[in-house]
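Here is coords_30.txt, consisting of compact mmCIF, C-alpha atoms and all ligand atoms:
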# COMPACT_ATOMS: atom_id res chain seq x y z
CA MET N 1 0.00 0.00 0.00
CA LEU N 2 1.46 3.33 -1.08
CA GLU N 3 1.69 6.01 1.63
CA ILE N 4 1.30 9.53 0.33
CA HIS N 5 2.41 12.46 2.49
CA GLU N 6 1.81 16.04 1.53
CA ILE N 7 4.73 18.08 2.77
CA THR N 8 6.26 21.53 2.36
CA ILE N 9 9.94 22.10 1.64
CA ASN N 10 12.28 25.08 1.92
CA ARG N 11 13.94 24.95 -1.46
CA ILE N 12 13.16 23.46 -4.88
CA LEU N 13 16.19 24.54 -6.95
CA ASN N 14 19.08 22.56 -5.54
CA PRO N 15 22.67 22.89 -6.77
CA THR N 16 24.07 19.72 -8.30
CA SER N 17 27.31 18.18 -9.49
CA ILE N 18 25.43 16.36 -12.27
CA ASP N 19 26.51 18.03 -15.50
CA LEU N 20 23.01 18.11 -17.00
CA GLY N 21 21.81 21.22 -15.23
CA GLU N 22 22.83 23.95 -12.81
CA TYR N 23 20.15 22.84 -10.38
CA VAL N 24 18.02 19.74 -9.86
CA ILE N 25 14.27 19.79 -9.31
CA ASN N 26 12.46 16.90 -7.60
CA PRO N 27 8.80 17.62 -6.91
CA TYR N 28 8.36 14.31 -5.09
CA MET N 29 10.50 12.34 -2.66
CA GLY N 30 9.99 8.64 -3.08
CA CYS N 31 8.83 6.73 -6.11
CA GLU N 32 5.95 4.42 -6.83
CA PHE N 33 8.00 2.45 -9.34
CA SER N 34 10.27 1.05 -6.63
CA CYS N 35 13.04 -0.32 -8.87
CA LEU N 36 15.28 -2.68 -6.92
CA TYR N 37 18.44 -1.21 -8.49
CA CYS N 38 17.41 2.42 -7.88
CA TYR N 39 20.48 4.34 -6.70
CA VAL N 40 18.35 6.48 -4.40
CA ARG N 41 17.81 3.43 -2.16
CA SER N 42 21.43 3.75 -1.08
CA ASN N 43 21.02 7.35 -0.01
CA LYS N 44 21.61 7.92 3.71
CA VAL N 45 18.39 9.88 4.22
CA VAL N 46 16.33 7.20 2.48
CA ARG N 47 17.99 4.42 4.46
CA LYS N 48 17.00 6.13 7.71
CA ARG N 49 13.30 6.16 6.79
CA GLU N 50 11.16 3.58 8.57
CA LYS N 51 9.40 2.53 5.39
CA PRO N 52 11.17 0.84 2.48
CA TRP N 53 11.81 2.73 -0.75
CA GLY N 54 8.87 2.37 -3.09
CA THR N 55 6.21 2.32 -0.37
CA TYR N 56 5.85 6.07 0.13
CA VAL N 57 5.86 9.31 -1.80
CA ASP N 58 6.28 12.73 -0.22
CA VAL N 59 4.42 15.26 -2.32
CA ARG N 60 6.30 18.54 -2.15
CA LYS N 61 3.17 20.61 -2.45
CA ASN N 62 4.74 24.06 -2.36
CA SER N 63 7.23 23.29 -5.17
CA PRO N 64 5.55 25.57 -7.76
CA ASP N 65 5.34 28.52 -5.31
CA LEU N 66 9.00 28.07 -4.44
CA LEU N 67 10.05 27.81 -8.06
CA GLU N 68 8.30 31.08 -8.92
CA LYS N 69 10.42 32.83 -6.29
CA GLU N 70 13.70 30.95 -6.77
CA VAL N 71 13.76 31.39 -10.54
CA LEU N 72 13.83 35.15 -9.99
CA GLU N 73 16.53 34.94 -7.33
CA LYS N 74 18.83 32.33 -8.86
CA LYS N 75 18.20 33.01 -12.55
CA PRO N 76 19.05 29.48 -13.75
CA LYS N 77 19.70 28.89 -17.42
CA ILE N 78 19.18 25.13 -17.35
CA VAL N 79 17.83 22.69 -14.76
CA LEU N 80 17.48 18.94 -14.42
CA LEU N 81 14.17 17.35 -13.45
CA GLY N 82 13.91 13.94 -11.82
CA SER N 83 17.38 13.20 -10.44
CA THR N 84 16.02 11.33 -7.41
CA THR N 85 12.38 10.68 -8.20
CA GLU N 86 10.10 9.98 -11.14
CA CYS N 87 8.44 13.29 -12.02
CA PHE N 88 5.78 11.53 -14.09
CA GLN N 89 4.84 8.74 -11.68
CA PRO N 90 1.11 7.94 -11.42
CA ILE N 91 0.32 10.40 -8.60
CA GLU N 92 1.44 13.23 -10.90
CA LYS N 93 -1.94 12.75 -12.58
CA GLU N 94 -3.59 13.85 -9.34
CA TYR N 95 -1.15 16.52 -8.12
CA GLN N 96 0.10 17.94 -11.43
CA LEU N 97 3.20 19.30 -9.72
CA THR N 98 5.58 18.54 -12.57
CA GLY N 99 3.13 20.08 -15.02
CA LYS N 100 3.02 23.29 -12.97
CA LEU N 101 6.81 23.38 -12.75
CA LEU N 102 7.16 22.98 -16.52
CA GLU N 103 4.72 25.83 -17.06
CA ILE N 104 6.84 28.08 -14.83
CA LEU N 105 10.11 27.06 -16.51
CA ASN N 106 8.58 27.74 -19.93
CA ARG N 107 7.26 31.11 -18.80
CA TYR N 108 10.66 32.19 -17.44
CA LYS N 109 12.46 30.71 -20.48
CA VAL N 110 14.55 28.30 -18.41
CA PHE N 111 15.81 25.28 -20.34
CA TYR N 112 15.36 21.85 -18.79
CA VAL N 113 16.55 18.27 -19.11
CA ILE N 114 14.28 15.47 -17.91
CA LEU N 115 15.12 12.00 -16.61
CA THR N 116 12.14 9.63 -16.81
CA ARG N 117 10.91 6.13 -17.47
CA SER N 118 7.24 6.98 -17.45
CA PRO N 119 5.00 6.98 -20.52
CA TYR N 120 2.77 9.49 -18.69
CA ILE N 121 5.20 12.13 -19.90
CA VAL N 122 3.40 12.13 -23.27
CA ASP N 123 0.48 13.93 -21.58
CA SER N 124 2.85 16.88 -21.18
CA ILE N 125 3.78 17.15 -24.85
CA PRO N 126 2.07 20.55 -25.22
CA LEU N 127 4.35 21.89 -22.47
CA LEU N 128 7.45 20.11 -23.77
CA ASN N 129 6.87 21.50 -27.23
CA GLN N 130 7.33 25.12 -26.21
CA GLY N 131 11.05 25.18 -26.99
CA PHE N 132 12.60 24.86 -23.55
CA CYS N 133 12.82 21.09 -23.20
CA LYS N 134 16.46 20.61 -24.10
CA ARG N 135 16.55 16.84 -23.81
CA ILE N 136 14.72 13.85 -22.34
CA TYR N 137 16.71 10.84 -21.17
CA PHE N 138 14.13 8.07 -21.29
CA THR N 139 15.10 4.89 -19.45
CA VAL N 140 14.17 1.79 -21.40
CA ASN N 141 15.22 -1.84 -21.40
CA ASN N 142 14.55 -5.14 -23.09
CA PHE N 143 15.32 -7.96 -20.69
CA SER N 144 12.67 -10.61 -20.11
CA HIS N 145 9.31 -10.01 -18.50
CA THR N 146 10.23 -12.57 -15.80
CA LEU N 147 13.31 -10.56 -14.90
CA LYS N 148 11.41 -7.29 -14.98
CA GLN N 149 8.96 -8.77 -12.46
CA VAL N 150 11.75 -9.24 -9.95
CA LEU N 151 13.76 -6.08 -10.64
CA GLU N 152 11.07 -3.50 -11.30
CA PRO N 153 7.60 -5.05 -11.05
CA LYS N 154 5.83 -1.71 -10.61
CA SER N 155 7.44 0.25 -13.42
CA PRO N 156 5.62 0.68 -16.74
CA SER N 157 6.09 -2.13 -19.27
CA PHE N 158 9.06 -1.94 -21.64
CA PRO N 159 6.84 -1.81 -24.77
CA SER N 160 4.85 1.12 -23.33
CA ARG N 161 8.09 2.97 -22.59
CA SER N 162 9.56 2.32 -26.04
CA ASN N 163 6.31 3.46 -27.57
CA ALA N 164 6.42 6.70 -25.55
CA VAL N 165 9.99 7.32 -26.74
CA ARG N 166 8.86 6.98 -30.36
CA ILE N 167 5.92 9.35 -29.79
CA LEU N 168 8.24 11.97 -28.29
CA LEU N 169 10.76 11.53 -31.12
CA ASP N 170 7.94 11.92 -33.66
CA GLU N 171 7.13 15.24 -31.96
CA GLY N 172 10.64 16.38 -32.83
CA LEU N 173 11.80 16.41 -29.20
CA SER N 174 15.38 15.49 -28.37
CA VAL N 175 15.07 12.09 -26.72
CA ILE N 176 17.87 9.73 -25.76
CA PRO N 177 16.79 6.10 -25.23
CA TYR N 178 18.76 5.24 -22.11
CA PHE N 179 19.28 1.53 -21.53
CA SER N 180 19.74 1.15 -17.81
CA PRO N 181 20.75 -1.04 -16.23
CA VAL N 182 22.56 -2.96 -18.93
CA ILE N 183 22.83 -6.46 -17.52
CA PRO N 184 25.47 -8.82 -18.93
CA TRP N 185 23.99 -11.86 -20.71
CA LEU N 186 20.48 -10.41 -20.41
CA THR N 187 20.24 -7.06 -22.19
CA ASP N 188 19.80 -7.52 -25.94
CA ILE N 189 22.23 -4.99 -27.45
CA LYS N 190 21.32 -5.72 -31.05
CA GLU N 191 17.65 -5.07 -30.37
CA ALA N 192 18.54 -1.87 -28.50
CA PHE N 193 20.00 -0.41 -31.67
CA SER N 194 17.12 -1.41 -33.90
CA ALA N 195 14.29 -0.13 -31.69
CA PHE N 196 14.60 3.65 -32.11
CA GLU N 197 15.21 4.66 -35.68
CA LYS N 198 14.82 8.41 -35.10
CA ALA N 199 17.07 8.64 -32.04
CA GLU N 200 20.37 10.37 -32.74
CA ARG N 201 22.14 8.01 -30.33
CA ILE N 202 21.53 5.32 -27.75
CA GLU N 203 23.02 5.46 -24.28
CA PHE N 204 23.82 2.59 -21.95
CA GLU N 205 24.55 2.39 -18.25
CA HIS N 206 26.18 -0.68 -16.77
CA LEU N 207 24.43 -2.36 -13.86
CA ASN N 208 26.06 -0.90 -10.77
CA PHE N 209 27.48 -3.67 -8.61
CA ASN N 210 28.47 -1.24 -5.87
CA PHE N 211 25.14 -0.56 -4.19
CA LYS N 212 24.38 -1.46 -0.60
CA ASN N 213 21.74 -3.90 -1.84
CA THR N 214 23.87 -5.52 -4.56
CA GLN N 215 23.52 -9.00 -3.07
CA GLU N 216 19.74 -8.60 -3.08
CA ILE N 217 19.88 -7.57 -6.75
CA ILE N 218 22.00 -10.61 -7.61
CA ASN N 219 19.70 -12.92 -5.68
CA SER N 220 16.71 -11.49 -7.54
CA ILE N 221 18.32 -11.89 -10.95
CA SER N 222 19.24 -15.43 -9.96
CA LEU N 223 15.61 -16.18 -9.17
CA ALA N 224 14.76 -15.41 -12.77
CA GLN N 225 18.02 -16.81 -14.20
CA PRO N 226 19.51 -19.35 -11.75
CA VAL N 227 22.40 -20.24 -14.08
CA LEU N 228 23.77 -16.71 -13.76
CA LYS N 229 24.15 -16.65 -9.98
CA GLU N 230 27.73 -17.91 -10.07
CA LYS N 231 28.76 -15.47 -12.80
CA PHE N 232 27.29 -12.47 -11.01
CA THR N 233 28.87 -13.53 -7.73
CA SER N 234 32.23 -13.68 -9.52
CA MET N 235 31.63 -10.21 -10.89
CA ILE N 236 31.39 -8.71 -7.42
CA CYS N 237 34.38 -10.68 -6.11
CA GLU N 238 36.89 -10.75 -8.98
CA ARG N 239 38.08 -7.52 -10.53
CA VAL N 240 39.63 -9.22 -13.60
CA PHE N 241 36.43 -11.11 -14.38
CA TYR N 242 34.34 -7.98 -13.76
CA GLU N 243 36.44 -5.90 -16.15
CA GLN N 244 36.55 -8.63 -18.78
CA ILE N 245 32.77 -9.06 -18.86
CA TRP N 246 32.11 -5.33 -19.25
CA LYS N 247 34.86 -5.02 -21.87
CA GLU N 248 33.22 -7.73 -23.95
CA LEU N 249 29.83 -6.11 -23.56
CA ASP N 250 31.18 -2.68 -24.52
CA GLU N 251 32.78 -4.22 -27.62
CA GLU N 252 29.43 -5.70 -28.53
CA ILE N 253 27.84 -2.24 -28.18
CA GLU N 254 30.54 -0.76 -30.42
CA ARG N 255 30.05 -3.52 -33.00
CA GLN N 256 26.29 -3.11 -33.12
CA ALA N 257 26.56 0.70 -33.28
CA LYS N 258 28.92 0.49 -36.23
CA GLY N 259 26.59 -1.94 -37.98
CA VAL N 260 23.70 0.51 -37.94
CA LYS N 261 25.85 3.69 -37.98
CA LYS N 262 24.30 5.01 -34.79
CA GLY N 263 26.00 7.01 -32.05
CA TYR N 264 26.24 5.67 -28.55
CA LYS N 265 27.58 6.43 -25.10
CA ILE N 266 28.33 4.11 -22.19
CA TYR N 267 28.25 4.96 -18.48
CA LYS N 268 30.46 2.64 -16.49
CA HIS N 269 30.89 1.85 -12.81
CA SER N 270 34.34 0.89 -11.63
CA PHE N 271 34.88 -2.31 -9.69
CA GLY N 272 34.39 -1.68 -5.98
CA GLU N 273 33.78 2.02 -6.37
CA TYR N 274 30.77 2.81 -4.26
CA PHE N 275 28.40 5.22 -5.92
CA LYS N 276 27.99 8.34 -3.81
CA ASN N 277 24.63 9.93 -3.89
CA THR N 278 24.39 12.30 -1.01
CA TYR N 279 21.68 14.68 -2.07
CA LEU N 280 17.91 14.42 -2.16
S1 LIG N 301 11.76 5.11 -11.51
FE1 LIG N 301 13.75 6.03 -11.06
S2 LIG N 301 13.47 7.04 -9.07
FE2 LIG N 301 11.81 5.58 -9.32
S3 LIG N 301 12.50 3.74 -8.29
FE3 LIG N 301 12.99 3.53 -10.48
S4 LIG N 301 15.10 4.28 -10.66
FE4 LIG N 301 14.29 5.01 -8.67
Here is a file; write its structure as structure tokens.
Ligand code: SF4
Amino acid sequence: MLEIHEITINRILNPTSIDLGEYVINPYMGCEFSCLYCYVRSNKVVRKREKPWGTYVDVRKNSPDLLEKEVLEKKPKIVLLGSTTECFQPIEKEYQLTGKLLEILNRYKVFYVILTRSPYIVDSIPLLNQGFCKRIYFTVNNFSHTLKQVLEPKSPSFPSRSNAVRILLDEGLSVIPYFSPVIPWLTDIKEAFSAFEKAERIEFEHLNFNFKNTQEIINSISLAQPVLKEKFTSMICERVFYEQIWKELDEEIERQAKGVKKGYKIYKHSFGEYFKNTYL
């Protein structure tokens, strides 16, 4: 059962080290989609909450009022929406916070980049089409339905997400299909390159084996694919094996990209390097 809390916050434009915007905007804290590999789960503040990630959403009700004021004070040129939440999760239909924020950003001519995996974003096309949506990174994937059920049972289906990407691309918006997490032996790289004809490039992010709940992720993948348990366990224990597997996968990405003459980018996570996410 999802707990929804309406709260007020002190600030909506938060400085960030992410190079996609000068500030991040997160109108919600928490996420209905509850992906097991979500990096926000490892955040200190989230780990201190009594309820597990995915079972609550704080609705930051005063976000639009704050943005109206902060835009005038901070004069941002570009901001990033959705660094630690899903701005277009189902409760957005009721609260319309993201919609209000986009209206304000459009009105003040502030450019924005959006991170999402929700097809509900297509409802906002009239707002996105006003010239200030710089780019949308849309997380997609293509591993099996069985695996999706253990890793992200509550997120929208992969076909619905791919379809939303194509609708946004048809609108002429800049959309990057973002395959994340790429899982060795399970993500179909060839299919990734054939699915989005109009995309200028495809981006990939390796599965991060450095989260606090990595063992839980491996156990879950092993439920769906028992034969892979040993391989994944070796990946977290043996640097050489870890690096070899990702090297082979990256070569496969390069090969497939060349075959279809499509650009690509890969985000990697070093062996044993814990991902630091300190800000909500
Ligand atoms: S949709 Fe994004 S924010 Fe929500 S749980 Fe999944 S990875 Fe985390």
Between CA of Val46 (chain N) and CA of Tyr95 (chain N) - distance in Å to one decimal: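 Computed distance, CA of Tyr95 (chain N) to CA of Val46 (chain N), equals 22.5 Å.
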Which residue of N:Asn26, N:Leu102, N:Leu67, N:Ile125 approaches Leu81 (chain N) most closely, using all atoms listed in the file: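 Looking at the shortest contact to Leu81 (chain N), the residue is N:Asn26.
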All residues having an atom within 10 Å of ligand LIG 301 (chain N) (only C-alpha atoms and all ligand atoms) as a PyMOL selection string: chain N and resi 28-41+53-54+82-89+115-118+139+151-152+154-156+180-181
Region 237-252 of chain N surroundings by all atoms listed in the file, 10 Å radius, close-in-sequence under 2 positions cut, as an NGL selection string: :N and (182-185 or 187 or 189-190 or 204 or 206-207 or 209 or 231-235 or 254-258 or 265-266 or 268-272)
Among listed residues N:Lys44, N:His5, N:Lys51, N:Arg11, nearest Val71 (chain N) (using only C-alpha atoms):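 Closest candidate: N:Arg11.
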